[in-house]
$ cat protein_26.cif   # mmCIF, C-alpha atoms
data_query
loop_
_atom_site.label_atom_id
_atom_site.label_comp_id
_atom_site.auth_asym_id
_atom_site.auth_seq_id
_atom_site.Cartn_x
_atom_site.Cartn_y
_atom_site.Cartn_z
CA MET A 1304 8.43 18.37 7.65
CA PRO A 1305 5.29 17.78 9.79
CA ALA A 1306 2.19 19.83 9.07
CA GLN A 1307 2.49 21.44 12.54
CA ALA A 1308 5.68 23.17 11.40
CA TYR A 1309 3.60 25.38 9.08
CA ALA A 1310 1.56 26.91 11.93
CA GLY A 1311 1.82 30.71 11.90
CA LYS A 1312 3.58 30.76 8.53
CA GLU A 1313 2.21 31.54 5.09
CA CYS A 1314 -0.54 29.08 4.20
CA VAL A 1315 0.48 26.59 1.51
CA CYS A 1316 -2.51 24.24 1.46
CA GLN A 1317 -5.58 24.26 -0.74
CA LEU A 1318 -7.50 26.46 1.77
CA ARG A 1319 -5.16 29.45 1.19
CA ARG A 1320 -5.85 30.98 4.63
CA GLY A 1321 -3.05 33.55 4.33
CA ILE A 1322 -1.47 32.55 7.63
CA CYS A 1323 -1.61 28.84 8.50
CA ASP A 1324 -4.13 28.11 11.26
CA GLN A 1325 -3.94 24.28 10.99
CA SER A 1326 -7.62 24.03 10.00
CA CYS A 1327 -6.66 21.89 7.00
CA VAL A 1328 -5.08 19.29 9.29
CA GLN A 1329 -8.30 18.99 11.26
CA GLY A 1330 -10.21 18.77 8.00
CA MET A 1331 -8.27 15.67 7.00
CA LEU A 1332 -10.11 13.73 9.70
CA ASP A 1333 -13.39 14.47 7.90
CA THR A 1334 -12.06 13.52 4.44
CA PRO A 1335 -13.42 10.22 3.08
CA PHE A 1336 -10.54 8.42 1.33
CA TYR A 1337 -11.10 6.08 -1.60
CA ILE A 1338 -9.08 3.01 -0.65
CA ALA A 1339 -7.35 1.36 -3.62
CA CYS A 1340 -4.32 -0.83 -4.34
CA LEU A 1341 -2.05 0.54 -7.07
CA LYS A 1342 -0.29 -1.70 -9.56
CA LEU A 1343 3.15 -0.11 -9.86
CA SER A 1344 5.05 -2.79 -11.79
CA GLY A 1345 7.13 -1.04 -14.43
CA ARG A 1346 5.67 2.39 -13.67
CA ARG A 1347 7.96 5.36 -13.13
CA CYS A 1348 7.80 6.72 -9.61
CA ALA A 1349 9.93 9.49 -8.09
CA VAL A 1350 11.11 10.13 -4.56
CA VAL A 1351 12.49 13.59 -3.73
CA GLY A 1352 14.79 13.43 -0.71
CA GLY A 1353 17.57 11.03 0.16
CA GLY A 1354 17.29 10.75 3.95
CA GLU A 1355 15.96 7.94 6.13
CA ILE A 1356 12.35 8.65 5.17
CA GLY A 1357 13.30 8.77 1.50
CA LEU A 1358 14.92 5.35 1.93
CA GLU A 1359 11.75 3.98 3.51
CA LYS A 1360 9.64 5.26 0.60
CA VAL A 1361 12.07 3.96 -2.03
CA GLU A 1362 12.09 0.51 -0.46
CA GLY A 1363 8.28 0.48 -0.38
CA LEU A 1364 8.11 1.32 -4.09
CA LEU A 1365 10.75 -1.26 -5.00
CA ALA A 1366 8.78 -3.91 -3.10
CA CYS A 1367 5.98 -3.27 -5.61
CA ASP A 1368 8.31 -3.51 -8.64
CA ALA A 1369 8.15 0.21 -9.43
CA ASP A 1370 10.74 1.89 -11.65
CA VAL A 1371 12.15 4.33 -9.07
CA THR A 1372 13.99 7.60 -9.59
CA LEU A 1373 15.57 9.27 -6.56
CA ILE A 1374 16.17 13.02 -6.75
CA ALA A 1375 18.54 14.26 -4.05
CA PRO A 1376 22.01 15.85 -3.87
CA GLN A 1377 22.93 13.53 -0.98
CA ALA A 1378 21.58 10.10 -0.05
CA GLU A 1379 21.72 7.55 2.73
CA PRO A 1380 24.38 4.83 2.20
CA ALA A 1381 21.65 2.24 1.58
CA LEU A 1382 20.23 4.41 -1.20
CA GLN A 1383 23.68 4.82 -2.69
CA GLU A 1384 24.02 1.04 -2.74
CA LEU A 1385 20.67 0.66 -4.49
CA ALA A 1386 21.81 3.15 -7.11
CA ALA A 1387 25.20 1.44 -7.55
CA GLU A 1388 23.57 -1.94 -8.17
CA GLY A 1389 21.12 -0.41 -10.66
CA SER A 1390 17.97 -0.90 -8.61
CA ILE A 1391 17.14 2.82 -8.72
CA ASP A 1392 18.08 5.81 -10.88
CA TRP A 1393 19.72 8.39 -8.60
CA GLN A 1394 19.63 11.93 -9.95
CA ARG A 1395 22.31 13.44 -7.70
CA ARG A 1396 21.03 17.02 -7.59
CA GLU A 1397 18.31 19.28 -6.24
CA TYR A 1398 14.74 18.98 -7.45
CA ALA A 1399 14.54 20.86 -10.77
CA GLY A 1400 10.82 21.52 -11.01
CA GLY A 1401 8.07 20.13 -13.20
CA ALA A 1402 10.49 18.68 -15.75
CA ASP A 1403 11.43 16.05 -13.15
CA LEU A 1404 7.83 14.82 -13.14
CA GLU A 1405 7.39 14.26 -16.86
CA GLY A 1406 6.34 10.66 -17.48
CA VAL A 1407 6.14 9.96 -13.74
CA PHE A 1408 3.11 8.14 -12.33
CA LEU A 1409 3.46 9.24 -8.70
CA VAL A 1410 5.88 11.28 -6.65
CA ILE A 1411 6.73 11.32 -2.95
CA ALA A 1412 8.44 14.34 -1.41
CA ALA A 1413 10.50 13.43 1.65
CA THR A 1414 12.68 16.48 2.23
CA ASP A 1415 13.04 18.83 5.22
CA ASP A 1416 12.76 21.87 2.95
CA THR A 1417 9.27 23.39 3.01
CA ASP A 1418 9.72 25.27 -0.27
CA VAL A 1419 10.79 22.11 -2.10
CA ASN A 1420 7.90 20.11 -0.68
CA VAL A 1421 5.39 22.78 -1.72
CA ALA A 1422 6.94 22.98 -5.20
CA VAL A 1423 6.69 19.22 -5.68
CA PHE A 1424 3.06 19.27 -4.59
CA GLU A 1425 2.10 22.16 -6.86
CA ASP A 1426 3.99 20.78 -9.88
CA ALA A 1427 2.29 17.41 -9.43
CA GLU A 1428 -1.15 18.90 -8.94
CA ARG A 1429 -0.82 20.85 -12.19
CA ARG A 1430 -0.19 17.52 -13.93
CA ALA A 1431 -3.06 15.73 -12.14
CA MET A 1432 -0.49 13.32 -10.69
CA LEU A 1433 -0.49 11.32 -7.51
CA VAL A 1434 1.61 13.19 -4.93
CA ASN A 1435 2.45 12.63 -1.28
CA VAL A 1436 4.43 15.01 0.91
CA VAL A 1437 5.56 12.96 3.89
CA ASP A 1438 3.93 13.99 7.20
CA VAL A 1439 2.01 16.87 5.59
CA PRO A 1440 -1.48 15.52 4.79
CA PRO A 1441 -2.74 18.82 3.30
CA LEU A 1442 0.01 18.54 0.67
CA CYS A 1443 -1.10 15.09 -0.45
CA ASN A 1444 -3.75 13.82 -2.81
CA PHE A 1445 -3.09 10.31 -1.53
CA ILE A 1446 -1.81 9.06 1.80
CA LEU A 1447 0.29 6.00 2.55
CA PRO A 1448 -1.17 3.62 5.12
CA ALA A 1449 0.88 1.35 7.33
CA ILE A 1450 1.08 -2.02 5.55
CA VAL A 1451 1.22 -5.55 6.92
CA ARG A 1452 2.61 -7.84 4.20
CA ASN A 1453 2.86 -11.61 4.24
CA GLY A 1454 3.05 -13.36 0.87
CA PRO A 1455 0.03 -12.29 -1.17
CA LEU A 1456 -1.69 -10.92 1.93
CA ALA A 1457 -1.60 -7.15 2.46
CA ILE A 1458 -3.49 -5.30 5.19
CA ALA A 1459 -3.54 -1.50 5.17
CA ILE A 1460 -4.05 0.59 8.31
CA SER A 1461 -4.88 4.27 7.96
CA THR A 1462 -5.70 6.97 10.50
CA ALA A 1463 -6.35 9.54 7.72
CA GLY A 1464 -3.01 11.09 8.58
CA ALA A 1465 -4.03 11.84 12.16
CA SER A 1466 -1.50 9.60 13.90
CA PRO A 1467 1.16 7.51 12.14
CA ALA A 1468 2.28 6.32 15.59
CA LEU A 1469 -1.15 4.78 16.22
CA ALA A 1470 -1.11 3.16 12.78
CA LYS A 1471 2.28 1.58 13.57
CA ARG A 1472 0.97 0.18 16.86
CA MET A 1473 -2.02 -1.31 15.06
CA LYS A 1474 0.33 -2.77 12.46
CA ARG A 1475 2.31 -4.62 15.13
CA GLU A 1476 -0.86 -6.01 16.67
CA ILE A 1477 -2.32 -7.08 13.33
CA GLU A 1478 0.95 -8.77 12.35
CA GLY A 1479 0.59 -10.94 15.43
CA GLN A 1480 -3.04 -11.79 14.74
CA PHE A 1481 -3.02 -12.33 10.96
CA GLY A 1482 0.23 -14.04 10.10
CA GLU A 1483 1.60 -16.94 8.12
CA PRO A 1484 -1.51 -19.22 8.20
CA TYR A 1485 -3.64 -16.56 6.51
CA ALA A 1486 -1.04 -15.99 3.78
CA ARG A 1487 -0.81 -19.74 3.13
CA LEU A 1488 -4.60 -20.00 2.98
CA ALA A 1489 -4.70 -17.20 0.40
CA VAL A 1490 -2.27 -19.14 -1.81
CA LEU A 1491 -4.32 -22.37 -1.49
CA LEU A 1492 -7.57 -20.58 -2.32
CA ASN A 1493 -5.95 -18.95 -5.35
CA GLU A 1494 -5.08 -22.43 -6.67
CA VAL A 1495 -8.78 -23.24 -7.04
CA ARG A 1496 -9.96 -19.92 -8.50
CA GLY A 1497 -9.63 -21.21 -12.05
CA TRP A 1498 -11.78 -24.24 -11.25
CA ALA A 1499 -14.40 -22.03 -9.62
CA LYS A 1500 -14.60 -19.66 -12.59
CA GLY A 1501 -14.85 -22.53 -15.06
CA THR A 1502 -17.33 -24.62 -13.08
CA LEU A 1503 -19.55 -22.29 -11.07
CA PRO A 1504 -21.35 -20.06 -13.58
CA THR A 1505 -22.53 -17.22 -11.33
CA TYR A 1506 -20.82 -14.81 -8.97
CA GLN A 1507 -23.17 -15.84 -6.17
CA GLU A 1508 -22.23 -19.51 -6.53
CA ARG A 1509 -18.53 -18.71 -6.46
CA LYS A 1510 -19.04 -16.47 -3.44
CA GLN A 1511 -20.88 -19.21 -1.55
CA PHE A 1512 -18.19 -21.74 -2.45
CA PHE A 1513 -15.29 -19.68 -1.10
CA GLU A 1514 -17.14 -18.34 1.91
CA GLY A 1515 -18.15 -21.89 2.79
CA ILE A 1516 -14.48 -22.88 2.91
CA VAL A 1517 -13.16 -19.81 4.71
CA GLY A 1518 -15.94 -19.66 7.30
CA GLY A 1519 -16.75 -23.35 7.50
CA ASP A 1520 -16.04 -26.20 9.87
CA PRO A 1521 -13.27 -27.25 10.22
CA ASP A 1522 -11.62 -23.85 10.23
CA PRO A 1523 -8.91 -23.84 7.52
CA VAL A 1524 -6.78 -21.34 9.47
CA ALA A 1525 -6.86 -23.65 12.50
CA LEU A 1526 -5.80 -26.55 10.27
CA LEU A 1527 -2.82 -24.58 9.02
CA ARG A 1528 -1.87 -23.45 12.52
CA GLY A 1529 -2.27 -26.83 14.16
CA ALA A 1530 -0.11 -28.97 11.89
CA PRO A 1531 3.32 -28.86 10.21
CA ASP A 1532 3.34 -26.97 6.90
CA GLY A 1533 2.88 -29.97 4.64
CA ALA A 1534 0.22 -31.67 6.77
CA GLY A 1535 -1.76 -28.49 7.30
CA GLU A 1536 -1.79 -27.61 3.62
CA GLN A 1537 -2.82 -31.15 2.70
CA ALA A 1538 -5.70 -30.97 5.18
CA VAL A 1539 -6.89 -27.70 3.62
CA ARG A 1540 -6.62 -29.14 0.09
CA GLU A 1541 -8.78 -32.05 1.20
CA LEU A 1542 -11.26 -29.59 2.69
CA ILE A 1543 -11.38 -27.71 -0.62
CA ALA A 1544 -11.82 -30.96 -2.56
CA ARG A 1545 -14.81 -31.90 -0.39
CA ALA A 1546 -16.33 -28.47 -1.03
CA GLN A 1547 -15.85 -28.93 -4.77
CA ASP A 1548 -17.56 -32.33 -4.67
CA ALA A 1549 -20.44 -30.92 -2.66
CA HIS A 1550 -21.03 -28.13 -5.18
CA LEU A 1551 -20.85 -30.53 -8.15
CA HIS A 1552 -23.37 -32.84 -6.51
CA ALA A 1553 -25.66 -29.88 -5.84
CA VAL A 1554 -25.49 -28.80 -9.51
CA ARG A 1555 -26.24 -32.30 -10.77
CA ALA A 1556 -29.17 -32.65 -8.36
#

$ encode --input "protein_26.cif" --output "structure tokens"
Amino acid sequence: MPAQAYAGKECVCQLRRGICDQSCVQGMLDTPFYIACLKLSGRRCAVVGGGEIGLEKVEGLLACDADVTLIAPQAEPALQELAAEGSIDWQRREYAGGADLEGVFLVIAATDDTDVNVAVFEDAERRAMLVNVVDVPPLCNFILPAIVRNGPLAIAISTAGASPALAKRMKREIEGQFGEPYARLAVLLNEVRGWAKGTLPTYQERKQFFEGIVGGDPDPVALLRGAPDGAGEQAVRELIARAQDAHLHAVRA
């Protein structure tokens, strides 16, 4: 339920205004967020709510190899299929309180029941857990940005909860600008990381090496865009090899 739905009702956010005046929503715009990427592989994560938004959140967690539990009396057909194939653990019931959060790393509440959303938030906060109540930034200690994914490349777009619609527009535009060539370049650069760590003894040398490739002439992205996959990747590998030779010669000199 969007934060605006709380206006005029009993305050449920950390400001405890008595009656909600939406000041917490405005305050979100002034909140500096610490941007981080979470490693969720094998970690238990819970989603409360089996509707379309719950499906979206479950799919996002599964994409990061999380161990997902869905808590909902009813669920979208796609969620039912995920449960039937064993991809998620579906607890077919209402949220039962803090016991549902034991051993859970993060929880996302995606229900249309205000009382349930508040309960999930408060139970998680008491456990110092990561918690997100969809579309209610004051009931979150982390927010979920819009994500552009392509291979190993991930770009996050956040408006600090002010406008998910704007974040989605930016996502579409960024997808068009930073696409397949950038993802392929990331893979090619990763192939030479071991060499760089074993050969270039300082952080500054490794930084100069990679920045020289990424920002150099010829442009590796242009090489990948301007040739078929195999030819473009070969051209970039040759570019990297020349950079390696140049750094070895510089060390020997």

$ atom_distance --input "protein_26.cif" --atom1 "CA of Cys1443 (chain A)" --atom2 "CA of Ile1411 (chain A)"
9.0 Å

$ closest_residue --input "protein_26.cif" --among "A:Leu1492, A:Ala1381, A:Leu1373, A:Ala1386" --to "Val1407 (chain A)" --atoms "all atoms listed in the file"
A:Leu1373

$ closest_residue --input "protein_26.cif" --among "A:Asn1444, A:Gln1325, A:Gln1377, A:Gln1547" --to "Glu1313 (chain A)" --atoms "only C-alpha atoms"
A:Gln1325

$ atom_distance --input "protein_26.cif" --atom1 "CA of Asp1548 (chain A)" --atom2 "CA of Arg1496 (chain A)"
15.0 Å

$ atom_distance --input "protein_26.cif" --atom1 "CA of Val1495 (chain A)" --atom2 "CA of Cys1340 (chain A)"
23.0 Å

$ closest_residue --input "protein_26.cif" --among "A:Ile1322, A:Ile1338, A:Ala1375, A:Ala1499" --to "Leu1447 (chain A)" --atoms "all atoms listed in the file"
A:Ile1338

$ resolve_selection --input "protein_26.cif" --expression "the PyMOL selection byres ((chain A and resi 1528-1539) around 10)" --output "list in words"
Gly1482, Glu1483, Pro1484, Tyr1485, Arg1487, Leu1488, Leu1491, Leu1492, Ile1516, Pro1521, Asp1522, Pro1523, Val1524, Ala1525, Leu1526, Leu1527, Arg1540, Glu1541, Leu1542, Ile1543, Ala1544 and Arg1545 of chain A

$ build_atoms --input "protein_26.cif" --residues "region 1542-1554 of chain A" --atoms "N, CA, C and O atoms" --output "short mmCIF file (atom, residue, chain, number, x, y, z; two decimals), in the frame of the given file"
data_model
loop_
_atom_site.label_atom_id
_atom_site.label_comp_id
_atom_site.auth_asym_id
_atom_site.auth_seq_id
_atom_site.Cartn_x
_atom_site.Cartn_y
_atom_site.Cartn_z
N LEU A 1542 -10.05 -30.36 2.37
CA LEU A 1542 -11.26 -29.59 2.69
C LEU A 1542 -11.82 -28.92 1.44
O LEU A 1542 -13.04 -28.95 1.19
N ILE A 1543 -10.95 -28.36 0.62
CA ILE A 1543 -11.38 -27.71 -0.62
C ILE A 1543 -11.96 -28.75 -1.58
O ILE A 1543 -12.99 -28.50 -2.24
N ALA A 1544 -11.32 -29.90 -1.67
CA ALA A 1544 -11.82 -30.96 -2.56
C ALA A 1544 -13.22 -31.40 -2.15
O ALA A 1544 -14.08 -31.65 -3.01
N ARG A 1545 -13.47 -31.52 -0.85
CA ARG A 1545 -14.81 -31.90 -0.39
C ARG A 1545 -15.82 -30.83 -0.75
O ARG A 1545 -16.97 -31.14 -1.15
N ALA A 1546 -15.43 -29.56 -0.66
CA ALA A 1546 -16.33 -28.47 -1.03
C ALA A 1546 -16.63 -28.50 -2.53
O ALA A 1546 -17.77 -28.26 -2.95
N GLN A 1547 -15.63 -28.81 -3.33
CA GLN A 1547 -15.85 -28.93 -4.77
C GLN A 1547 -16.84 -30.04 -5.08
O GLN A 1547 -17.77 -29.87 -5.89
N ASP A 1548 -16.65 -31.20 -4.45
CA ASP A 1548 -17.56 -32.33 -4.67
C ASP A 1548 -18.97 -31.97 -4.27
O ASP A 1548 -19.94 -32.32 -4.97
N ALA A 1549 -19.10 -31.27 -3.15
CA ALA A 1549 -20.44 -30.92 -2.66
C ALA A 1549 -21.14 -29.99 -3.66
O ALA A 1549 -22.34 -30.15 -3.94
N HIS A 1550 -20.41 -29.04 -4.23
CA HIS A 1550 -21.03 -28.13 -5.18
C HIS A 1550 -21.36 -28.85 -6.49
O HIS A 1550 -22.42 -28.57 -7.10
N LEU A 1551 -20.53 -29.77 -6.93
CA LEU A 1551 -20.85 -30.53 -8.15
C LEU A 1551 -22.08 -31.38 -7.96
O LEU A 1551 -22.94 -31.49 -8.84
N HIS A 1552 -22.18 -32.03 -6.80
CA HIS A 1552 -23.37 -32.84 -6.51
C HIS A 1552 -24.62 -31.98 -6.48
O HIS A 1552 -25.70 -32.39 -6.96
N ALA A 1553 -24.52 -30.77 -5.92
CA ALA A 1553 -25.66 -29.88 -5.84
C ALA A 1553 -26.12 -29.45 -7.22
O ALA A 1553 -27.32 -29.36 -7.52
N VAL A 1554 -25.15 -29.21 -8.13
CA VAL A 1554 -25.49 -28.80 -9.51
C VAL A 1554 -26.19 -29.95 -10.24
O VAL A 1554 -27.19 -29.74 -10.94
#
